[in-house]
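Okay, model07.pdb is below, PDB, C-alpha atoms and all ligand atoms:
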ATOM      1  CA  MET A   1     107.678  68.961 100.437
ATOM      2  CA  LEU A   2     109.393  67.295  97.517
ATOM      3  CA  GLU A   3     112.009  69.235  95.582
ATOM      4  CA  LEU A   4     112.599  67.955  92.058
ATOM      5  CA  SER A   5     114.684  68.762  89.063
ATOM      6  CA  GLY A   6     114.326  67.690  85.432
ATOM      7  CA  ILE A   7     111.027  65.850  85.976
ATOM      8  CA  CYS A   8     109.005  64.931  82.853
ATOM      9  CA  ARG A   9     105.299  65.509  82.299
ATOM     10  CA  ALA A  10     104.184  61.877  82.760
ATOM     11  CA  GLU A  11     105.949  61.643  86.115
ATOM     12  CA  PHE A  12     104.709  65.068  87.195
ATOM     13  CA  CYS A  13     101.102  64.059  86.416
ATOM     14  CA  SER A  14     101.214  60.650  88.085
ATOM     15  CA  ARG A  15     103.099  61.692  91.220
ATOM     16  CA  PHE A  16     101.682  65.151  91.811
ATOM     17  CA  VAL A  17      98.748  66.306  89.650
ATOM     18  CA  ASP A  18      96.779  63.058  89.977
ATOM     19  CA  LYS A  19      97.385  63.037  93.734
ATOM     20  CA  GLN A  20      96.926  66.805  94.071
ATOM     21  CA  LEU A  21     100.213  67.219  95.937
ATOM     22  CA  PRO A  22     102.397  70.323  95.667
ATOM     23  CA  CYS A  23     106.067  70.167  94.673
ATOM     24  CA  VAL A  24     108.995  72.478  93.987
ATOM     25  CA  PHE A  25     111.016  72.407  90.760
ATOM     26  CA  LYS A  26     114.563  73.462  91.556
ATOM     27  CA  GLN A  27     116.147  75.450  88.732
ATOM     28  CA  GLN A  28     114.014  73.701  86.121
ATOM     29  CA  PHE A  29     112.985  76.868  84.266
ATOM     30  CA  ASN A  30     116.326  78.553  83.696
ATOM     31  CA  TYR A  31     115.924  77.908  79.986
ATOM     32  CA  LEU A  32     112.982  80.358  79.674
ATOM     33  CA  PRO A  33     114.095  83.437  77.700
ATOM     34  CA  ALA A  34     112.397  85.664  80.321
ATOM     35  CA  ILE A  35     114.962  84.496  82.898
ATOM     36  CA  HIS A  36     117.686  86.211  80.852
ATOM     37  CA  ARG A  37     115.771  89.002  79.131
ATOM     38  CA  TRP A  38     113.936  90.279  82.204
ATOM     39  CA  ARG A  39     117.106  90.382  84.290
ATOM     40  CA  LYS A  40     120.242  92.479  84.252
ATOM     41  CA  GLY A  41     122.734  90.780  86.557
ATOM     42  CA  ILE A  42     120.567  89.833  89.488
ATOM     43  CA  ASP A  43     118.275  92.849  89.066
ATOM     44  CA  PHE A  44     115.084  93.318  87.143
ATOM     45  CA  ASN A  45     115.693  94.668  83.626
ATOM     46  CA  THR A  46     113.266  97.586  83.524
ATOM     47  CA  GLU A  47     114.737  98.928  80.254
ATOM     48  CA  TYR A  48     113.990  95.728  78.394
ATOM     49  CA  LEU A  49     110.308  95.708  79.296
ATOM     50  CA  LEU A  50     110.016  99.460  78.644
ATOM     51  CA  THR A  51     110.897  98.778  75.008
ATOM     52  CA  LYS A  52     107.861  96.487  74.675
ATOM     53  CA  PHE A  53     105.117  98.760  75.988
ATOM     54  CA  ASP A  54     103.754 102.172  75.113
ATOM     55  CA  THR A  55     101.448 104.494  77.040
ATOM     56  CA  SER A  56      98.352 102.814  75.608
ATOM     57  CA  ASN A  57      99.019  99.599  77.554
ATOM     58  CA  LEU A  58      97.019 100.141  80.723
ATOM     59  CA  VAL A  59      97.260  97.796  83.691
ATOM     60  CA  ASP A  60      95.542  97.567  87.084
ATOM     61  CA  VAL A  61      97.957  97.736  89.996
ATOM     62  CA  GLU A  62      97.539  97.326  93.734
ATOM     63  CA  MET A  63      98.626 100.267  95.853
ATOM     64  CA  GLY A  64     100.079 100.095  99.358
ATOM     65  CA  ARG A  65     100.141  97.185 101.755
ATOM     66  CA  TYR A  66      97.534  94.484 102.074
ATOM     67  CA  ASN A  67      94.649  95.650 104.257
ATOM     68  CA  PRO A  68      92.091  93.006 105.268
ATOM     69  CA  GLU A  69      89.543  95.777 105.895
ATOM     70  CA  LEU A  70      89.414  96.618 102.177
ATOM     71  CA  GLU A  71      87.419  94.692  99.614
ATOM     72  CA  ASN A  72      89.973  92.373  97.925
ATOM     73  CA  GLY A  73      92.604  93.665 100.367
ATOM     74  CA  PHE A  74      93.964  96.545  98.249
ATOM     75  CA  ILE A  75      93.191  99.870  96.625
ATOM     76  CA  ARG A  76      93.642  99.430  92.867
ATOM     77  CA  THR A  77      94.457 101.975  90.214
ATOM     78  CA  ARG A  78      94.761 101.802  86.410
ATOM     79  CA  ILE A  79      97.944 103.264  84.939
ATOM     80  CA  PRO A  80     100.093 102.778  81.813
ATOM     81  CA  PHE A  81     102.423  99.813  82.252
ATOM     82  CA  ASN A  82     105.510 101.888  81.413
ATOM     83  CA  MET A  83     104.585 104.402  84.124
ATOM     84  CA  PHE A  84     104.253 101.523  86.593
ATOM     85  CA  LEU A  85     107.716 100.234  85.611
ATOM     86  CA  ARG A  86     109.327 103.651  86.070
ATOM     87  CA  MET A  87     107.636 104.097  89.435
ATOM     88  CA  ILE A  88     108.768 100.767  90.861
ATOM     89  CA  SER A  89     112.288 101.122  89.496
ATOM     90  CA  GLU A  90     112.713 104.478  91.290
ATOM     91  CA  ASN A  91     111.099 103.286  94.497
ATOM     92  CA  GLU A  92     113.802 101.179  96.097
ATOM     93  CA  ASP A  93     113.170 102.576  99.563
ATOM     94  CA  GLY A  94     109.404 102.667  99.281
ATOM     95  CA  GLN A  95     109.184 106.469  99.478
ATOM     96  CA  PHE A  96     106.388 106.553  96.880
ATOM     97  CA  GLY A  97     104.403 103.731  98.502
ATOM     98  CA  ASP A  98     104.304 100.213  97.132
ATOM     99  CA  LEU A  99     102.739  99.179  93.859
ATOM    100  CA  TYR A 100     102.078  95.617  92.772
ATOM    101  CA  LEU A 101     101.093  94.396  89.350
ATOM    102  CA  SER A 102      99.448  91.149  90.360
ATOM    103  CA  GLN A 103      97.734  88.432  88.374
ATOM    104  CA  THR A 104      97.977  90.346  85.097
ATOM    105  CA  PRO A 105      97.745  88.732  81.638
ATOM    106  CA  LEU A 106     100.627  90.852  80.285
ATOM    107  CA  PHE A 107     101.153  88.331  77.523
ATOM    108  CA  SER A 108      97.767  89.019  76.007
ATOM    109  CA  ILE A 109      98.283  92.779  76.402
ATOM    110  CA  VAL A 110     101.562  92.541  74.455
ATOM    111  CA  PRO A 111     101.538  89.253  72.502
ATOM    112  CA  GLU A 112     105.194  89.688  71.509
ATOM    113  CA  LEU A 113     106.112  88.975  75.147
ATOM    114  CA  VAL A 114     104.865  85.410  74.730
ATOM    115  CA  LYS A 115     108.214  84.699  73.061
ATOM    116  CA  ASP A 116     109.854  85.238  76.447
ATOM    117  CA  LEU A 117     108.019  82.183  77.779
ATOM    118  CA  GLU A 118     108.586  79.821  74.861
ATOM    119  CA  PRO A 119     108.678  76.915  74.857
ATOM    120  CA  ILE A 120     106.076  76.722  77.610
ATOM    121  CA  PRO A 121     107.161  74.315  80.336
ATOM    122  CA  GLY A 122     106.820  70.767  79.010
ATOM    123  CA  ILE A 123     105.190  69.609  82.234
ATOM    124  CA  LEU A 124     102.120  71.739  81.462
ATOM    125  CA  PRO A 125      99.165  70.103  79.707
ATOM    126  CA  ASP A 126      98.047  70.999  76.216
ATOM    127  CA  ARG A 127      97.671  74.766  75.660
ATOM    128  CA  ARG A 128      93.909  74.358  75.433
ATOM    129  CA  ASN A 129      93.900  73.380  79.084
ATOM    130  CA  ILE A 130      95.699  76.514  80.212
ATOM    131  CA  PHE A 131      93.298  79.150  81.470
ATOM    132  CA  THR A 132      95.613  82.122  81.797
ATOM    133  CA  THR A 133      99.253  83.088  81.878
ATOM    134  CA  ASN A 134      99.867  85.909  84.310
ATOM    135  CA  ALA A 135     102.699  88.152  85.420
ATOM    136  CA  TRP A 136     103.342  89.321  88.999
ATOM    137  CA  ILE A 137     105.761  92.271  89.285
ATOM    138  CA  GLY A 138     106.472  94.524  92.257
ATOM    139  CA  ARG A 139     108.594  95.347  95.288
ATOM    140  CA  ARG A 140     107.843  94.412  98.905
ATOM    141  CA  THR A 141     104.846  92.380  97.773
ATOM    142  CA  PHE A 142     102.536  90.392  99.975
ATOM    143  CA  THR A 143      99.647  88.193  98.841
ATOM    144  CA  ALA A 144      97.509  87.072 101.741
ATOM    145  CA  ARG A 145      96.408  83.508 102.357
ATOM    146  CA  HIS A 146      93.861  82.301  99.801
ATOM    147  CA  PHE A 147      93.343  79.451  97.360
ATOM    148  CA  ASP A 148      92.501  79.212  93.662
ATOM    149  CA  LEU A 149      90.132  76.954  91.792
ATOM    150  CA  ASN A 150      92.703  75.743  89.243
ATOM    151  CA  ASP A 151      96.029  74.000  89.390
ATOM    152  CA  ASN A 152      98.899  76.439  89.239
ATOM    153  CA  LEU A 153     102.457  76.316  87.938
ATOM    154  CA  TYR A 154     104.262  79.331  89.394
ATOM    155  CA  VAL A 155     107.753  80.276  88.142
ATOM    156  CA  MET A 156     110.121  82.810  89.674
ATOM    157  CA  ILE A 157     111.839  85.000  87.080
ATOM    158  CA  THR A 158     113.701  87.556  89.193
ATOM    159  CA  GLY A 159     114.026  88.241  92.931
ATOM    160  CA  ARG A 160     112.963  85.810  95.645
ATOM    161  CA  LYS A 161     109.685  84.895  97.290
ATOM    162  CA  GLN A 162     108.785  83.160 100.510
ATOM    163  CA  VAL A 163     105.795  80.866 100.078
ATOM    164  CA  ARG A 164     103.689  79.250 102.787
ATOM    165  CA  LEU A 165     101.296  76.402 101.984
ATOM    166  CA  TRP A 166      98.413  74.791 103.877
ATOM    167  CA  LYS A 167      96.351  71.754 102.911
ATOM    168  CA  PRO A 168      92.862  72.313 101.498
ATOM    169  CA  THR A 169      90.045  72.541 103.982
ATOM    170  CA  GLY A 170      86.992  70.698 102.735
ATOM    171  CA  GLU A 171      83.367  71.050 103.611
ATOM    172  CA  GLY A 172      83.884  69.196 106.889
ATOM    173  CA  ALA A 173      86.450  71.769 107.909
ATOM    174  CA  TRP A 174      84.200  74.771 107.450
ATOM    175  CA  LYS A 175      83.863  76.786 110.586
ATOM    176  CA  PRO A 176      81.729  79.723 111.558
ATOM    177  CA  GLN A 177      83.198  83.039 110.504
ATOM    178  CA  GLY A 178      85.289  84.672 113.190
ATOM    179  CA  SER A 179      88.492  86.565 113.836
ATOM    180  CA  SER A 180      90.535  83.392 114.329
ATOM    181  CA  GLU A 181      89.978  82.318 110.713
ATOM    182  CA  TYR A 182      90.645  83.291 107.142
ATOM    183  CA  ASN A 183      87.598  83.238 104.885
ATOM    184  CA  TYR A 184      87.403  82.572 101.222
ATOM    185  CA  GLY A 185      83.896  82.342  99.921
ATOM    186  CA  ASN A 186      82.387  79.664 102.095
ATOM    187  CA  PHE A 187      85.756  78.144 102.909
ATOM    188  CA  LYS A 188      87.507  78.926 106.164
ATOM    189  CA  ILE A 189      90.899  78.116 107.561
ATOM    190  CA  ALA A 190      91.956  78.683 111.143
ATOM    191  CA  LYS A 191      94.784  81.214 111.440
ATOM    192  CA  ASP A 192      96.794  78.710 113.472
ATOM    193  CA  GLU A 193      96.147  75.802 111.066
ATOM    194  CA  GLN A 194      99.310  73.710 110.774
ATOM    195  CA  LEU A 195     101.608  74.877 107.997
ATOM    196  CA  TYR A 196     102.272  72.216 105.350
ATOM    197  CA  ALA A 197     105.467  73.783 103.967
ATOM    198  CA  GLU A 198     107.427  77.002 103.786
ATOM    199  CA  ILE A 199     109.863  77.484 100.939
ATOM    200  CA  GLU A 200     111.875  80.197  99.248
ATOM    201  CA  LEU A 201     111.660  80.451  95.471
ATOM    202  CA  GLN A 202     114.728  81.675  93.553
ATOM    203  CA  PRO A 203     114.892  82.703  89.886
ATOM    204  CA  GLY A 204     114.462  79.595  87.729
ATOM    205  CA  ASP A 205     112.537  77.712  90.450
ATOM    206  CA  GLY A 206     108.931  76.656  90.008
ATOM    207  CA  LEU A 207     106.163  75.600  92.335
ATOM    208  CA  TYR A 208     103.140  73.460  91.636
ATOM    209  CA  ILE A 209     100.129  74.482  93.754
ATOM    210  CA  PRO A 210      97.146  72.162  93.316
ATOM    211  CA  GLN A 211      93.723  73.757  93.333
ATOM    212  CA  ARG A 212      92.257  74.620  96.738
ATOM    213  CA  TRP A 213      95.624  74.510  98.513
ATOM    214  CA  TRP A 214      95.883  77.633 100.650
ATOM    215  CA  HIS A 215      98.936  79.753  99.974
ATOM    216  CA  GLU A 216     100.501  83.051 100.973
ATOM    217  CA  MET A 217     103.441  84.723  99.226
ATOM    218  CA  GLU A 218     105.805  87.469 100.254
ATOM    219  CA  SER A 219     108.811  88.911  98.478
ATOM    220  CA  VAL A 220     112.185  88.644 100.202
ATOM    221  CA  GLY A 221     114.260  91.843 100.444
ATOM    222  CA  LYS A 222     113.494  95.043  98.603
ATOM    223  CA  GLU A 223     114.496  94.016  95.074
ATOM    224  CA  ILE A 224     111.912  93.989  92.312
ATOM    225  CA  THR A 225     110.388  90.538  91.990
ATOM    226  CA  ALA A 226     108.842  89.169  88.814
ATOM    227  CA  SER A 227     107.116  85.840  88.386
ATOM    228  CA  VAL A 228     104.823  84.150  85.931
ATOM    229  CA  ASN A 229     102.107  81.623  86.533
ATOM    230  CA  TRP A 230      99.963  79.313  84.442
ATOM    231  CA  TRP A 231      96.558  78.241  85.759
ATOM    232  CA  PHE A 232      95.618  74.973  84.136
ATOM    233  CA  TYR A 233      93.406  71.936  84.431
ATOM    234  CA  GLU A 234      94.028  68.354  83.465
ATOM    235  CA  THR A 235      91.787  66.220  81.318
ATOM    236  CA  SER A 236      91.791  62.464  81.165
ATOM    237  CA  ASN A 237      92.487  62.355  77.395
TER
HETATM  238  O1  LIG A 301     103.077  86.050  93.827
HETATM  239  C1  LIG A 301     102.156  86.374  94.548
HETATM  240  O2  LIG A 301     102.177  87.425  95.194
HETATM  241  C2  LIG A 301     100.922  85.510  94.682
HETATM  242  C3  LIG A 301     100.758  84.445  93.628
HETATM  243  C4  LIG A 301      99.527  83.617  93.832
HETATM  244  O3  LIG A 301      98.830  83.738  94.809
HETATM  245  C5  LIG A 301      99.155  82.628  92.827
HETATM  246  O4  LIG A 301      99.859  82.417  91.826
HETATM  247  O5  LIG A 301      98.093  81.994  93.019
END

Please render this file's structure as structure tokens.
Amino acid sequence: MLELSGICRAEFCSRFVDKQLPCVFKQQFNYLPAIHRWRKGIDFNTEYLLTKFDTSNLVDVEMGRYNPELENGFIRTRIPFNMFLRMISENEDGQFGDLYLSQTPLFSIVPELVKDLEPIPGILPDRRNIFTTNAWIGRRTFTARHFDLNDNLYVMITGRKQVRLWKPTGEGAWKPQGSSEYNYGNFKIAKDEQLYAEIELQPGDGLYIPQRWWHEMESVGKEITASVNWWFYETSN
């Protein structure tokens, strides 16, 4: 898979978005204030985020490890964001079980945090074409293979993640449901389907995942990982 650096929006659109091909942006997002504010050395800066939230800011978090037997794969609970931060910061060895704040629009919960992502990456389309901006924060996280219905720019802020990608499976590739497949709505992918790419994202790196590309993500090591993603769509004008 192509690794780029310093690519502009026109080139990104013509080479990747228009062709619906994924790519990695090496160290292209180091300029985002979150990269410095959310980190202390190489660690996650819990204290900084604690100053931005109070107990009224509730978030839904996933508890424990992914379990395919459960609906949506996880048990979820709603807790104040600052309680979540304290729990993950004191849980280096996993003694309290794992918690994951996934796919959460933190920036609408606390609008001041938007300043940590300004200016938004220039390769993104007009703001009106951005559906959501989400945060993903946790330790020992695992997101099972799935796809999304929008294009995705995913940026690593702190910690590292291993990402695996598979090509989309269209209607012709649908297969009957069975234990040798992953299911997503009516879409299926064989568990042994050939991997398209496996990459490790470092802080400052970004990844473009076109819609319907299957992906799976897992944090590397036991450090807290934090990332941000923008789901967007392109228009012809
Ligand atoms: O970071 C993760 O755990 C998963 C992210 C993901 O699946 C996505 O951005 O679509």

| message | Report, in Å to a single decimal, how far apart atom CA of Glu112 of chain A and atom CA of Lys52 of chain A are. | response |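 One can read the atom CA of Lys52 of chain A to atom CA of Glu112 of chain A distance as 8.0 Å.
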
| field | Test item: residues no farther than 7 Å from ligand LIG 301 (chain A), counting only C-alpha atoms and all ligand atoms, as a PyMOL selection string | value | chain A and resi 102+136+141-143+147-148+152+154+215-218+227+229

Can you spit out the residues from that selection as a short mmCIF file (atom, residue, chain, number, x, y, z; two decimals), in the coordinates of the input, using C-alpha atoms?
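File again-v5.cif, as written:
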data_model
loop_
_atom_site.label_atom_id
_atom_site.label_comp_id
_atom_site.auth_asym_id
_atom_site.auth_seq_id
_atom_site.Cartn_x
_atom_site.Cartn_y
_atom_site.Cartn_z
CA SER A 102 99.45 91.15 90.36
CA TRP A 136 103.34 89.32 89.00
CA THR A 141 104.85 92.38 97.77
CA PHE A 142 102.54 90.39 99.98
CA THR A 143 99.65 88.19 98.84
CA PHE A 147 93.34 79.45 97.36
CA ASP A 148 92.50 79.21 93.66
CA ASN A 152 98.90 76.44 89.24
CA TYR A 154 104.26 79.33 89.39
CA HIS A 215 98.94 79.75 99.97
CA GLU A 216 100.50 83.05 100.97
CA MET A 217 103.44 84.72 99.23
CA GLU A 218 105.80 87.47 100.25
CA SER A 227 107.12 85.84 88.39
CA ASN A 229 102.11 81.62 86.53
#

Mind dumping a table of every segment 47-163 of chain A residue within 10 Å of segment 3-11 of chain A, with the nearest atom pair and its distance in Å to one decimal, using only C-alpha atoms, sorted by chain and rising number, as a Markdown table?
| residue | atom | partner | partner_atom | distance |
| --- | --- | --- | --- | --- |
| A:Pro121 | CA | A:Arg9 | CA | 9.2 |
| A:Gly122 | CA | A:Arg9 | CA | 6.4 |
| A:Ile123 | CA | A:Arg9 | CA | 4.1 |
| A:Leu124 | CA | A:Arg9 | CA | 7.0 |
| A:Pro125 | CA | A:Arg9 | CA | 8.1 |

| query | Nearest to Gln20 of chain A among A:Ile209, A:Ile137, A:Leu58, A:Ile224, with distances taken over all atoms listed in the file: which residue is it? | reply |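 Of all the options, A:Ile209 lies closest to Gln20 of chain A.
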
Running the PyMOL selection byres (((chain A and resi 118) around 10) and not hetatm) on this model by hand, what would come out? Give it as an mmCIF file with C-alpha atoms, in the coordinates of the input.
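The file below, result_0.cif, is the result:
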data_model
loop_
_atom_site.group_PDB
_atom_site.id
_atom_site.type_symbol
_atom_site.label_atom_id
_atom_site.label_comp_id
_atom_site.auth_asym_id
_atom_site.auth_seq_id
_atom_site.Cartn_x
_atom_site.Cartn_y
_atom_site.Cartn_z
ATOM 1 C CA TYR A 31 115.924 77.908 79.986
ATOM 2 C CA LEU A 32 112.982 80.358 79.674
ATOM 3 C CA PRO A 33 114.095 83.437 77.700
ATOM 4 C CA ALA A 34 112.397 85.664 80.321
ATOM 5 C CA LEU A 113 106.112 88.975 75.147
ATOM 6 C CA VAL A 114 104.865 85.410 74.730
ATOM 7 C CA LYS A 115 108.214 84.699 73.061
ATOM 8 C CA ASP A 116 109.854 85.238 76.447
ATOM 9 C CA LEU A 117 108.019 82.183 77.779
ATOM 10 C CA PRO A 119 108.678 76.915 74.857
ATOM 11 C CA ILE A 120 106.076 76.722 77.610
ATOM 12 C CA PRO A 121 107.161 74.315 80.336
#

| said: Translate the PyMOL selection byres (((chain A and resi 92) around 9) and not hetatm) into a concrete residue list for this structure, as a list in words. | reply: Ile88, Ser89, Glu90, Asn91, Asp93, Gly94, Gln95, Arg139, Lys222, Glu223 and Ile224 of chain A

| task | Go ahead and find all residues with at least one atom no further than 12 Å from (107.6, 76.4, 104.0) in the file's coordinates, using all atoms listed in the file; report them as a list in words. | result |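 Applying the cut-off with all atoms listed in the file, one gets Met1, Leu2, Glu3, Pro22, Cys23, Val24, Lys161, Gln162, Val163, Arg164, Leu165, Trp166, Gln194, Leu195, Tyr196, Ala197, Glu198, Ile199, Glu200, Leu201, Leu207, His215, Glu216, Met217 and Glu218 of chain A.
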